[in-house]
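**Q** Data: structure19.json, JSON, C-alpha atoms.
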```
[["chain", "number", "residue", "atom", "x", "y", "z"],
["A", 1399, "MET", "CA", -18.80, 2.09, -16.84],
["A", 1400, "PRO", "CA", -19.48, 4.40, -13.89],
["A", 1401, "SER", "CA", -21.71, 3.95, -10.91],
["A", 1402, "ARG", "CA", -23.52, 7.05, -9.66],
["A", 1403, "LEU", "CA", -24.81, 7.76, -6.18],
["A", 1404, "HIS", "CA", -27.02, 10.83, -5.83],
["A", 1405, "PHE", "CA", -27.04, 12.61, -2.45],
["A", 1406, "GLY", "CA", -29.90, 14.57, -0.96],
["A", 1407, "GLU", "CA", -29.62, 16.94, 1.99],
["A", 1408, "ALA", "CA", -30.47, 14.23, 4.54],
["A", 1409, "ASP", "CA", -27.76, 11.92, 3.18],
["A", 1410, "PHE", "CA", -24.92, 14.22, 4.24],
["A", 1411, "LEU", "CA", -25.97, 13.76, 7.86],
["A", 1412, "LYS", "CA", -25.91, 9.96, 7.65],
["A", 1413, "CYS", "CA", -22.51, 9.30, 6.13],
["A", 1414, "ARG", "CA", -20.32, 7.25, 8.45],
["A", 1415, "PHE", "CA", -17.11, 5.23, 8.54],
["A", 1416, "ALA", "CA", -17.01, 1.56, 9.47],
["A", 1417, "LEU", "CA", -14.65, -1.38, 9.39],
["A", 1418, "SER", "CA", -15.64, -4.99, 8.87],
["A", 1419, "PRO", "CA", -13.74, -8.17, 9.76],
["A", 1420, "LEU", "CA", -16.32, -10.12, 7.74],
["A", 1421, "TRP", "CA", -15.61, -8.02, 4.66],
["A", 1422, "GLU", "CA", -11.86, -8.60, 5.03],
["A", 1423, "THR", "CA", -12.50, -12.34, 5.35],
["A", 1424, "GLN", "CA", -14.57, -12.37, 2.16],
["A", 1425, "GLU", "CA", -12.08, -10.22, 0.26],
["A", 1426, "LEU", "CA", -9.13, -12.40, 1.26],
["A", 1427, "VAL", "CA", -10.99, -15.33, -0.31],
["A", 1428, "ARG", "CA", -11.57, -13.26, -3.46],
["A", 1429, "THR", "CA", -7.92, -12.18, -3.53],
["A", 1430, "LEU", "CA", -6.74, -15.80, -3.37],
["A", 1431, "LYS", "CA", -8.66, -16.36, -6.61],
["A", 1432, "ARG", "CA", -7.40, -13.24, -8.40],
["A", 1433, "PRO", "CA", -3.69, -13.22, -9.32],
["A", 1434, "GLU", "CA", -3.80, -9.54, -10.29],
["A", 1435, "ARG", "CA", -4.24, -8.69, -6.61],
["A", 1436, "HIS", "CA", -1.44, -10.93, -5.35],
["A", 1437, "GLY", "CA", 1.31, -8.38, -5.85],
["A", 1438, "TYR", "CA", -0.13, -6.22, -3.07],
["A", 1439, "HIS", "CA", -0.08, -9.08, -0.55],
["A", 1440, "VAL", "CA", 2.85, -11.28, -1.62],
["A", 1441, "ARG", "CA", 4.37, -11.96, 1.80],
["A", 1442, "ARG", "CA", 1.08, -12.56, 3.54],
["A", 1443, "LEU", "CA", -0.20, -14.89, 0.82],
["A", 1444, "ARG", "CA", 3.05, -16.81, 0.87],
["A", 1445, "ARG", "CA", 2.78, -17.22, 4.64],
["A", 1446, "ILE", "CA", -0.81, -18.52, 4.59],
["A", 1447, "ARG", "CA", -0.46, -20.62, 1.43],
["A", 1448, "GLY", "CA", -0.48, -23.97, 3.21],
["A", 1449, "ALA", "CA", -3.42, -23.11, 5.49],
["A", 1450, "ALA", "CA", -5.43, -21.71, 2.57],
["A", 1451, "ALA", "CA", -4.77, -24.81, 0.46],
["A", 1452, "ALA", "CA", -6.25, -26.97, 3.23],
["A", 1453, "LEU", "CA", -9.60, -25.15, 2.92],
["A", 1454, "ASP", "CA", -12.15, -25.84, 0.18],
["A", 1455, "LEU", "CA", -12.98, -22.31, -0.96],
["A", 1456, "THR", "CA", -14.83, -23.44, -4.09],
["A", 1457, "PRO", "CA", -18.32, -22.67, -2.70],
["A", 1458, "LEU", "CA", -17.37, -19.06, -1.97],
["A", 1459, "TRP", "CA", -15.55, -18.64, -5.27],
["A", 1460, "LEU", "CA", -18.70, -19.79, -7.07],
["A", 1461, "LEU", "CA", -20.40, -16.63, -5.77],
["A", 1462, "MET", "CA", -17.56, -14.28, -6.77],
["A", 1463, "PRO", "CA", -17.99, -13.77, -10.52],
["A", 1464, "ARG", "CA", -15.27, -11.89, -12.33],
["A", 1465, "ARG", "CA", -17.91, -9.44, -13.53],
["A", 1466, "GLY", "CA", -21.29, -9.39, -11.92],
["A", 1467, "HIS", "CA", -23.10, -9.64, -8.63],
["A", 1468, "SER", "CA", -21.84, -11.12, -5.36],
["A", 1469, "PRO", "CA", -24.62, -11.85, -2.82],
["A", 1470, "ASP", "CA", -25.20, -8.99, -0.42],
["A", 1471, "TRP", "CA", -26.68, -11.27, 2.26],
["A", 1472, "LEU", "CA", -23.35, -13.10, 2.55],
["A", 1473, "CYS", "CA", -21.54, -9.97, 3.73],
["A", 1474, "PRO", "CA", -24.04, -7.25, 4.70],
["A", 1475, "PRO", "CA", -22.69, -3.75, 5.45],
["A", 1476, "PRO", "CA", -21.72, -3.42, 9.13],
["A", 1477, "GLY", "CA", -24.45, -1.92, 11.26],
["A", 1478, "GLN", "CA", -22.01, -0.21, 13.60],
["A", 1479, "PRO", "CA", -18.58, 1.42, 13.25],
["A", 1480, "ALA", "CA", -16.52, -1.49, 14.58],
["A", 1481, "ALA", "CA", -18.60, -4.67, 14.69],
["A", 1482, "THR", "CA", -16.92, -7.90, 15.74],
["A", 1483, "PHE", "CA", -16.75, -10.87, 13.42],
["A", 1484, "GLU", "CA", -19.07, -12.77, 15.76],
["A", 1485, "GLU", "CA", -21.71, -10.04, 15.46],
["A", 1486, "GLU", "CA", -21.41, -9.94, 11.69],
["A", 1487, "ILE", "CA", -21.54, -13.70, 11.12],
["A", 1488, "ALA", "CA", -24.59, -13.90, 13.39],
["A", 1489, "ALA", "CA", -26.33, -11.49, 10.99],
["A", 1490, "VAL", "CA", -25.37, -13.74, 8.06],
["A", 1491, "ARG", "CA", -26.80, -16.79, 9.82],
["A", 1492, "ALA", "CA", -30.01, -14.85, 10.47],
["A", 1493, "ALA", "CA", -30.51, -14.06, 6.77],
["A", 1494, "ASP", "CA", -34.01, -14.55, 5.39],
["A", 1495, "PRO", "CA", -33.86, -17.79, 3.33],
["A", 1496, "ASP", "CA", -36.13, -16.54, 0.54],
["A", 1497, "ALA", "CA", -34.20, -13.28, 0.14],
["A", 1498, "ALA", "CA", -30.87, -15.17, 0.28],
["A", 1499, "ARG", "CA", -32.09, -17.59, -2.38],
["A", 1500, "ALA", "CA", -33.06, -14.78, -4.78],
["A", 1501, "ASP", "CA", -29.79, -12.93, -4.13],
["A", 1502, "THR", "CA", -27.76, -16.10, -4.68],
["A", 1503, "ALA", "CA", -29.62, -16.98, -7.89],
["A", 1504, "ARG", "CA", -28.72, -13.58, -9.29],
["A", 1505, "SER", "CA", -25.05, -14.14, -8.47],
["A", 1506, "LEU", "CA", -24.97, -17.68, -9.89],
["A", 1507, "ALA", "CA", -26.47, -16.39, -13.14],
["A", 1508, "ASP", "CA", -23.37, -14.20, -13.63],
["A", 1509, "THR", "CA", -21.05, -17.23, -13.74],
["A", 1510, "PRO", "CA", -21.58, -19.45, -16.80],
["A", 1511, "GLY", "CA", -22.92, -22.85, -15.76],
["A", 1512, "ALA", "CA", -23.14, -22.04, -12.04],
["A", 1513, "LEU", "CA", -26.92, -21.76, -11.93],
["A", 1514, "ASP", "CA", -27.34, -25.34, -13.19],
["A", 1515, "SER", "CA", -24.36, -26.80, -11.34],
["A", 1516, "PRO", "CA", -25.05, -29.51, -8.72],
["A", 1517, "ARG", "CA", -24.11, -27.16, -5.89],
["A", 1518, "GLY", "CA", -26.16, -24.31, -7.32],
["A", 1519, "ARG", "CA", -29.26, -26.51, -7.63],
["A", 1520, "VAL", "CA", -28.87, -27.79, -4.06],
["A", 1521, "TRP", "CA", -28.52, -24.26, -2.67],
["A", 1522, "LEU", "CA", -31.58, -22.94, -4.46],
["A", 1523, "ALA", "CA", -33.62, -25.95, -3.41],
["A", 1524, "ASP", "CA", -32.60, -25.61, 0.24],
["A", 1525, "PRO", "CA", -31.53, -22.04, 1.09],
["A", 1526, "VAL", "CA", -31.49, -22.79, 4.84],
["A", 1527, "ARG", "CA", -28.79, -25.40, 4.24],
["A", 1528, "MET", "CA", -26.98, -22.96, 1.94],
["A", 1529, "ILE", "CA", -26.91, -20.26, 4.62],
["A", 1530, "GLU", "CA", -25.45, -22.64, 7.19],
["A", 1531, "GLU", "CA", -22.87, -24.07, 4.78],
["A", 1532, "LEU", "CA", -21.55, -20.72, 3.59],
["A", 1533, "SER", "CA", -21.58, -19.01, 7.00],
["A", 1534, "GLY", "CA", -19.71, -21.98, 8.44],
["A", 1535, "LEU", "CA", -17.10, -21.76, 5.68],
["A", 1536, "LEU", "CA", -16.64, -18.02, 6.24],
["A", 1537, "GLU", "CA", -16.19, -18.68, 9.94],
["A", 1538, "GLU", "CA", -13.53, -21.29, 9.19],
["A", 1539, "VAL", "CA", -11.68, -18.88, 6.89],
["A", 1540, "TRP", "CA", -11.82, -16.19, 9.57],
["A", 1541, "HIS", "CA", -10.37, -18.37, 12.33],
["A", 1542, "THR", "CA", -7.72, -19.93, 10.07],
["A", 1543, "LEU", "CA", -6.51, -17.11, 7.83],
["A", 1544, "VAL", "CA", -7.62, -13.73, 9.20],
["A", 1545, "GLU", "CA", -8.11, -13.78, 12.98],
["A", 1546, "PRO", "CA", -4.42, -14.42, 13.83],
["A", 1547, "ASP", "CA", -3.50, -11.19, 12.02],
["A", 1548, "TRP", "CA", -6.57, -9.18, 12.96],
["A", 1549, "PRO", "CA", -4.95, -6.91, 15.59],
["A", 1550, "GLY", "CA", -2.56, -5.52, 12.98],
["A", 1551, "LEU", "CA", -5.23, -5.34, 10.28],
["A", 1552, "ARG", "CA", -7.65, -3.60, 12.62],
["A", 1553, "ALA", "CA", -4.99, -1.09, 13.69],
["A", 1554, "LEU", "CA", -4.35, -0.16, 10.07],
["A", 1555, "LEU", "CA", -8.07, 0.21, 9.30],
["A", 1556, "GLU", "CA", -8.62, 2.31, 12.44],
["A", 1557, "ALA", "CA", -5.71, 4.55, 11.50],
["A", 1558, "ASP", "CA", -7.17, 5.02, 8.02],
["A", 1559, "ILE", "CA", -10.54, 5.99, 9.47],
["A", 1560, "ALA", "CA", -8.93, 8.43, 11.91],
["A", 1561, "PHE", "CA", -6.99, 10.05, 9.06],
["A", 1562, "HIS", "CA", -9.95, 10.33, 6.71],
["A", 1563, "SER", "CA", -12.24, 11.56, 9.49],
["A", 1564, "ARG", "CA", -9.87, 14.50, 9.94],
["A", 1565, "ARG", "CA", -9.78, 15.06, 6.18],
["A", 1566, "LEU", "CA", -13.58, 15.01, 6.08],
["A", 1567, "ALA", "CA", -13.61, 17.80, 8.67],
["A", 1568, "GLU", "CA", -11.09, 19.77, 6.60],
["A", 1569, "LEU", "CA", -12.43, 19.19, 3.07],
["A", 1570, "GLY", "CA", -16.07, 18.19, 3.39],
["A", 1571, "LEU", "CA", -17.51, 15.13, 1.69],
["A", 1572, "GLY", "CA", -17.15, 16.51, -1.84],
["A", 1573, "GLY", "CA", -13.44, 17.09, -1.29],
["A", 1574, "LEU", "CA", -12.78, 13.83, 0.56],
["A", 1575, "LEU", "CA", -14.30, 11.34, -1.87],
["A", 1576, "PRO", "CA", -12.04, 12.14, -4.87],
["A", 1577, "GLU", "CA", -9.06, 12.07, -2.47],
["A", 1578, "ILE", "CA", -9.96, 8.59, -1.22],
["A", 1579, "SER", "CA", -9.50, 7.18, -4.72],
["A", 1580, "SER", "CA", -8.73, 8.56, -8.16],
["A", 1581, "ARG", "CA", -11.65, 6.46, -9.39],
["A", 1582, "CYS", "CA", -14.10, 8.62, -7.44],
["A", 1583, "GLY", "CA", -15.48, 11.88, -8.80],
["A", 1584, "TRP", "CA", -17.83, 14.42, -7.26],
["A", 1585, "HIS", "CA", -20.06, 16.94, -8.96],
["A", 1586, "ALA", "CA", -23.18, 18.73, -7.73],
["A", 1587, "GLY", "CA", -24.05, 16.18, -5.06],
["A", 1588, "THR", "CA", -23.38, 13.09, -7.18],
["A", 1589, "LEU", "CA", -20.59, 10.60, -6.49],
["A", 1590, "THR", "CA", -19.29, 8.86, -9.62],
["A", 1591, "VAL", "CA", -17.28, 5.67, -9.16],
["A", 1592, "GLU", "CA", -15.37, 4.04, -12.02],
["A", 1593, "TRP", "CA", -16.09, 0.39, -11.33],
["A", 1594, "ARG", "CA", -17.26, -2.81, -13.00],
["A", 1595, "GLY", "CA", -20.78, -2.39, -14.33],
["A", 1596, "GLU", "CA", -23.16, 0.55, -14.38],
["A", 1597, "HIS", "CA", -25.22, 1.33, -11.32],
["A", 1598, "GLU", "CA", -27.33, 4.32, -10.34],
["A", 1599, "ARG", "CA", -28.95, 4.98, -6.99],
["A", 1600, "HIS", "CA", -30.57, 7.85, -5.14],
["A", 1601, "LEU", "CA", -29.56, 7.42, -1.51],
["A", 1602, "GLY", "CA", -32.95, 8.54, -0.26],
["A", 1603, "GLY", "CA", -31.81, 9.63, 3.20],
["A", 1604, "GLN", "CA", -29.86, 6.45, 3.98],
["A", 1605, "GLY", "CA", -26.48, 8.15, 3.67],
["A", 1606, "LEU", "CA", -23.31, 6.27, 2.78],
["A", 1607, "VAL", "CA", -21.01, 3.91, 4.64],
["A", 1608, "LEU", "CA", -17.32, 4.59, 3.92],
["A", 1609, "MET", "CA", -15.33, 1.42, 4.54],
["A", 1610, "PRO", "CA", -11.56, 1.02, 4.09],
["A", 1611, "SER", "CA", -10.33, -2.41, 3.03],
["A", 1612, "VAL", "CA", -6.96, -4.14, 3.11],
["A", 1613, "PHE", "CA", -7.71, -7.19, 0.98],
["A", 1614, "GLY", "CA", -9.90, -5.27, -1.45],
["A", 1615, "TRP", "CA", -6.75, -3.47, -2.66],
["A", 1616, "PRO", "CA", -6.47, -1.83, -5.14],
["A", 1617, "ASP", "CA", -10.16, -1.80, -6.03],
["A", 1618, "VAL", "CA", -12.79, 0.73, -5.07],
["A", 1619, "MET", "CA", -16.25, -0.81, -4.90],
["A", 1620, "CYS", "CA", -19.66, 0.79, -4.86],
["A", 1621, "SER", "CA", -21.53, -1.96, -3.09],
["A", 1622, "TYR", "CA", -24.94, -3.15, -1.93],
["A", 1623, "GLU", "CA", -28.40, -2.97, -3.44],
["A", 1624, "PRO", "CA", -31.60, -1.93, -1.61],
["A", 1625, "PRO", "CA", -32.58, -2.48, 1.13],
["A", 1626, "TRP", "CA", -28.96, -2.44, 2.33],
["A", 1627, "GLN", "CA", -27.30, 0.86, 3.17],
["A", 1628, "PRO", "CA", -25.14, 2.02, 0.25],
["A", 1629, "THR", "CA", -21.44, 1.43, 0.91],
["A", 1630, "LEU", "CA", -18.25, 2.67, -0.71],
["A", 1631, "VAL", "CA", -15.34, 0.30, -0.10],
["A", 1632, "TYR", "CA", -11.96, 1.88, -0.80],
["A", 1633, "PRO", "CA", -8.27, 0.87, -0.50],
["A", 1634, "ALA", "CA", -6.92, 1.43, 3.00],
["A", 1635, "ARG", "CA", -3.81, 3.58, 3.46],
["A", 1636, "GLY", "CA", -0.50, 2.06, 4.49],
["A", 1637, "ILE", "CA", -0.82, -1.62, 3.57],
["A", 1638, "GLY", "CA", 2.87, -1.71, 2.68],
["A", 1639, "GLY", "CA", 3.68, -1.73, 6.40],
["A", 1640, "LEU", "CA", 1.59, -4.82, 7.12],
["A", 1641, "ALA", "CA", 3.99, -7.46, 5.84],
["A", 1642, "ALA", "CA", 6.47, -6.69, 8.53],
["A", 1643, "GLU", "CA", 5.70, -4.22, 11.29],
["A", 1644, "PRO", "CA", 9.03, -3.62, 12.98],
["A", 1645, "ALA", "CA", 8.77, -1.46, 16.04],
["A", 1646, "ALA", "CA", 10.15, 2.01, 15.47],
["A", 1647, "ARG", "CA", 13.53, 2.75, 17.03],
["A", 1648, "VAL", "CA", 13.10, 4.42, 20.39],
["A", 1649, "PRO", "CA", 15.56, 7.32, 20.75],
["A", 1650, "ASP", "CA", 17.82, 7.03, 23.80],
["A", 1651, "ALA", "CA", 17.17, 10.64, 24.81],
["A", 1652, "LEU", "CA", 13.43, 10.00, 24.85],
["A", 1653, "VAL", "CA", 13.97, 6.88, 26.98],
["A", 1654, "ARG", "CA", 15.95, 8.95, 29.51],
["A", 1655, "LEU", "CA", 13.21, 11.56, 29.61],
["A", 1656, "LEU", "CA", 10.11, 9.35, 29.77],
["A", 1657, "GLY", "CA", 11.28, 5.84, 30.60],
["A", 1658, "ARG", "CA", 11.52, 2.98, 28.11],
["A", 1659, "GLY", "CA", 7.88, 1.89, 28.20],
["A", 1660, "ARG", "CA", 6.34, 5.33, 27.75],
["A", 1661, "ALA", "CA", 8.94, 6.29, 25.14],
["A", 1662, "ALA", "CA", 8.17, 3.12, 23.14],
["A", 1663, "VAL", "CA", 4.43, 3.80, 23.23],
["A", 1664, "LEU", "CA", 4.81, 7.44, 22.17],
["A", 1665, "THR", "CA", 7.18, 6.48, 19.34],
["A", 1666, "ALA", "CA", 4.83, 3.75, 18.09],
["A", 1667, "LEU", "CA", 1.91, 6.16, 17.73],
["A", 1668, "ASP", "CA", 2.76, 7.45, 14.26],
["A", 1669, "ASP", "CA", -0.90, 6.68, 13.50],
["A", 1670, "PRO", "CA", -3.81, 6.54, 15.95],
["A", 1671, "ALA", "CA", -4.15, 3.11, 17.56],
["A", 1672, "THR", "CA", -5.98, 1.20, 20.28],
["A", 1673, "THR", "CA", -4.43, -0.32, 23.37],
["A", 1674, "SER", "CA", -4.65, -3.83, 21.94],
["A", 1675, "ALA", "CA", -3.13, -2.79, 18.60],
["A", 1676, "LEU", "CA", -0.20, -1.09, 20.35],
["A", 1677, "ALA", "CA", 0.31, -4.11, 22.58],
["A", 1678, "HIS", "CA", 0.43, -6.34, 19.50],
["A", 1679, "ARG", "CA", 2.82, -3.97, 17.71],
["A", 1680, "LEU", "CA", 5.20, -3.65, 20.67],
["A", 1681, "GLY", "CA", 4.94, -7.19, 22.02],
["A", 1682, "LEU", "CA", 3.83, -5.93, 25.44],
["A", 1683, "ALA", "CA", 0.98, -6.85, 27.76],
["A", 1684, "PRO", "CA", -2.17, -4.76, 27.15],
["A", 1685, "SER", "CA", -2.28, -3.85, 30.86],
["A", 1686, "SER", "CA", 1.24, -2.41, 30.66],
["A", 1687, "VAL", "CA", 0.45, -0.43, 27.49],
["A", 1688, "SER", "CA", -2.78, 0.86, 29.05],
["A", 1689, "ALA", "CA", -0.87, 2.20, 32.05],
["A", 1690, "GLN", "CA", 1.66, 3.97, 29.82],
["A", 1691, "LEU", "CA", -1.10, 5.48, 27.68],
["A", 1692, "THR", "CA", -2.86, 6.85, 30.74],
["A", 1693, "THR", "CA", 0.33, 8.51, 31.98],
["A", 1694, "LEU", "CA", 1.12, 10.02, 28.57],
["A", 1695, "ARG", "CA", -2.43, 11.30, 28.22],
["A", 1696, "ASP", "CA", -2.37, 12.85, 31.69],
["A", 1697, "ALA", "CA", 0.89, 14.58, 30.74],
["A", 1698, "GLY", "CA", -0.76, 16.16, 27.68],
["A", 1699, "LEU", "CA", 1.20, 14.10, 25.14],
["A", 1700, "LEU", "CA", -1.78, 12.05, 23.91],
["A", 1701, "VAL", "CA", -5.52, 12.40, 23.48],
["A", 1702, "SER", "CA", -8.07, 9.60, 23.33],
["A", 1703, "ARG", "CA", -11.41, 9.37, 21.59],
["A", 1704, "ARG", "CA", -14.02, 6.65, 21.40],
["A", 1705, "TYR", "CA", -14.85, 5.05, 18.07],
["A", 1706, "GLY", "CA", -17.59, 2.42, 18.44],
["A", 1707, "HIS", "CA", -16.36, -0.14, 20.95],
["A", 1708, "GLN", "CA", -12.75, 1.03, 20.58],
["A", 1709, "VAL", "CA", -10.75, 3.87, 22.13],
["A", 1710, "LEU", "CA", -8.13, 5.37, 19.80],
["A", 1711, "TYR", "CA", -5.06, 7.20, 21.11],
["A", 1712, "GLU", "CA", -3.08, 9.73, 19.13],
["A", 1713, "ARG", "CA", -0.36, 12.26, 19.83],
["A", 1714, "THR", "CA", -1.16, 15.85, 20.69],
["A", 1715, "PRO", "CA", 0.89, 18.60, 19.00],
["A", 1716, "LEU", "CA", 3.15, 18.52, 22.06],
["A", 1717, "GLY", "CA", 3.58, 14.75, 21.76],
["A", 1718, "ILE", "CA", 4.31, 15.03, 18.03],
["A", 1719, "ALA", "CA", 6.92, 17.74, 18.66],
["A", 1720, "LEU", "CA", 8.57, 15.80, 21.49],
["A", 1721, "ALA", "CA", 8.82, 12.57, 19.48],
["A", 1722, "ALA", "CA", 10.11, 14.44, 16.42],
["A", 1723, "VAL", "CA", 12.75, 16.42, 18.30],
["A", 1724, "HIS", "CA", 14.13, 13.42, 20.07],
["A", 1725, "ASP", "CA", 13.98, 11.29, 16.94],
["A", 1726, "GLN", "CA", 16.17, 13.85, 15.17],
["A", 1727, "GLY", "CA", 18.51, 13.94, 18.10]]
```
Mind converting the file's structure to structure tokens?
**A**
Amino acid sequence: MPSRLHFGEADFLKCRFALSPLWETQELVRTLKRPERHGYHVRRLRRIRGAAAALDLTPLWLLMPRRGHSPDWLCPPPGQPAATFEEEIAAVRAADPDAARADTARSLADTPGALDSPRGRVWLADPVRMIEELSGLLEEVWHTLVEPDWPGLRALLEADIAFHSRRLAELGLGGLLPEISSRCGWHAGTLTVEWRGEHERHLGGQGLVLMPSVFGWPDVMCSYEPPWQPTLVYPARGIGGLAAEPAARVPDALVRLLGRGRAAVLTALDDPATTSALAHRLGLAPSSVSAQLTTLRDAGLLVSRRYGHQVLYERTPLGIALAAVHDQG
């Protein structure tokens, strides 16, 4: 059954992209429970199997019904384009206990027996304790399973946002949304999303958050009830390269022209990336990568632009042509 989001004139001005480490943490937990998703993350899941088995994820799984509502308070939409996990988990800990209780009760009701389970009864009787227990578990999952890989995950999400931001400029919102996923349709200012359950909402000037996800693959999700800002979570581009991110071969001719460090940085920028993501990808110190980026930018081979707290670098047409010519040679 489809979900429908109806846009008014003001909503087009308030659509924005965001990425969320908290969302990825939650979706990794969901993926561990859903075998149909495992094929998209085989190597990663195999690598973290032991660490994941050492965590008791049952409380979080109890709030992830196969069909139904997951609590919005447990993973609110990010309030800024690139919030840190620490900022997001602080918002979870600051959740209103009464609102969290009602939201949780709705989710428990969608899993047979959960509402009357011992854990469910304890949570609803003491929502303050529930908030602390679940936020602490999410924090443990983040530090154990997600944070070690976050530089690479963040680089992929940033590259997706950079790509789709350009496509938005080229196609407009009505052209972009069906391109993001085949499950999205657009007609006369209404976004239709083929997803679990039927949902209809007039955005009412709040706009829409567009959020790529790695661990949500391959699903597209039309998420969050009022008062939260409506959010469309969609599969990020390029997850096949996450399992192993070998550095691209640096052509010898390019090394002779630019020097090994600058040639490696230019070659690695197939997609826009931050200094820290490039440093992680190349195994170099961030200070060294920063110096090379500055030189390449001053030479007209790169441009930089700020996105939230991050600065993304990408090749200029000259940089693209230089890397391509020397790669062919």
**Q** Excluding Ala1557 of chain A and any residue of its chain fewer than 2 positions from it, enumerate the residues within 8 Å of it, using all atoms listed in the file, and give them as a PyMOL selection string.
**A** chain A and resi 1553-1555+1559-1561+1669-1671
**Q** Atom CA of Pro1476 of chain A and atom CA of Ser1688 of chain A are how many Å apart?
**A**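 It comes out at 27.8 Å.
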**Q** Kindly give the distance, in Å, that separates atom CA of Leu1571 of chain A and atom CA of Pro1419 of chain A, rounded to a single decimal.
**A** 24.9 Å
**Q** Between A:Thr1590, A:Gln1690, A:Thr1629, A:Ser1418, which has the minimum distance to Ala1480 of chain A (counting only C-alpha atoms)?
**A**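 Smallest distance to Ala1480 of chain A is found for A:Ser1418.
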**Q** Find the residue from A:Thr1502, A:Thr1423, A:Ser1674, A:Ser1686 that sits nearest to Leu1710 of chain A; use only C-alpha atoms when measuring.
**A**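 Smallest distance to Leu1710 of chain A is found for A:Ser1674.
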**Q** From (-18.6, 3.1, -12.6), in the file's coordinates, out to 6 Å: which residues are reached, counting only C-alpha atoms? Answer as a list in words.
**A** Met1399, Pro1400, Ser1401, Val1591, Glu1592, Trp1593 and Glu1596 of chain A
**Q** Generate the output file for the selected residues, C-alpha atoms, as a JSON list (two decimals), in the frame of the given file.
**A**
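Generated output (part-v5.json):
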```
[["chain", "number", "residue", "atom", "x", "y", "z"],
["A", 1399, "MET", "CA", -18.80, 2.09, -16.84],
["A", 1400, "PRO", "CA", -19.48, 4.40, -13.89],
["A", 1401, "SER", "CA", -21.71, 3.95, -10.91],
["A", 1591, "VAL", "CA", -17.28, 5.67, -9.16],
["A", 1592, "GLU", "CA", -15.37, 4.04, -12.02],
["A", 1593, "TRP", "CA", -16.09, 0.39, -11.33],
["A", 1596, "GLU", "CA", -23.16, 0.55, -14.38]]
```
**Q** Which value, in Å to one decimal, gives the distance between atom CA of Lys1431 of chain A and atom CA of Gly1511 of chain A?
**A** 18.1 Å
**Q** Using only C-alpha atoms for the distances, tell me which of A:Arg1465, A:Arg1527, A:His1404, A:His1562 is nearest to Leu1575 of chain A.
**A**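 Of the candidates, the smallest distance to Leu1575 of chain A is held by A:His1562.
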**Q** Taking into account only C-alpha atoms, which residue in the set A:Arg1428, A:Arg1435, A:Arg1519, A:Arg1414 is nearest to Pro1610 of chain A?
**A**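 Closest to Pro1610 of chain A, using only C-alpha atoms: A:Arg1414.
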**Q** Nearest residue to Glu1531 of chain A out of A:Ala1497, A:Ala1450, A:Leu1458, A:Ala1651, using only C-alpha atoms?
**A**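 Using only C-alpha atoms, Glu1531 of chain A sits closest to A:Leu1458.
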**Q** In terms of the shortest atom-to-atom distance over all atoms listed in the file, which of A:Val1653, A:Leu1411, A:Leu1417, A:Leu1472 is closest to Val1631 of chain A?
**A**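 Of the candidates, the smallest distance to Val1631 of chain A is held by A:Leu1417.
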**Q** Which neighbours of Ser1563 of chain A fall inside 9 Å, counting only C-alpha atoms, when residues of the same chain fewer than 5 positions from it are skipped, and could you give them as a list in words?
**A**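 Once the nearby chain positions are removed, what remains is Phe1415, Asp1558 and Glu1568 of chain A.
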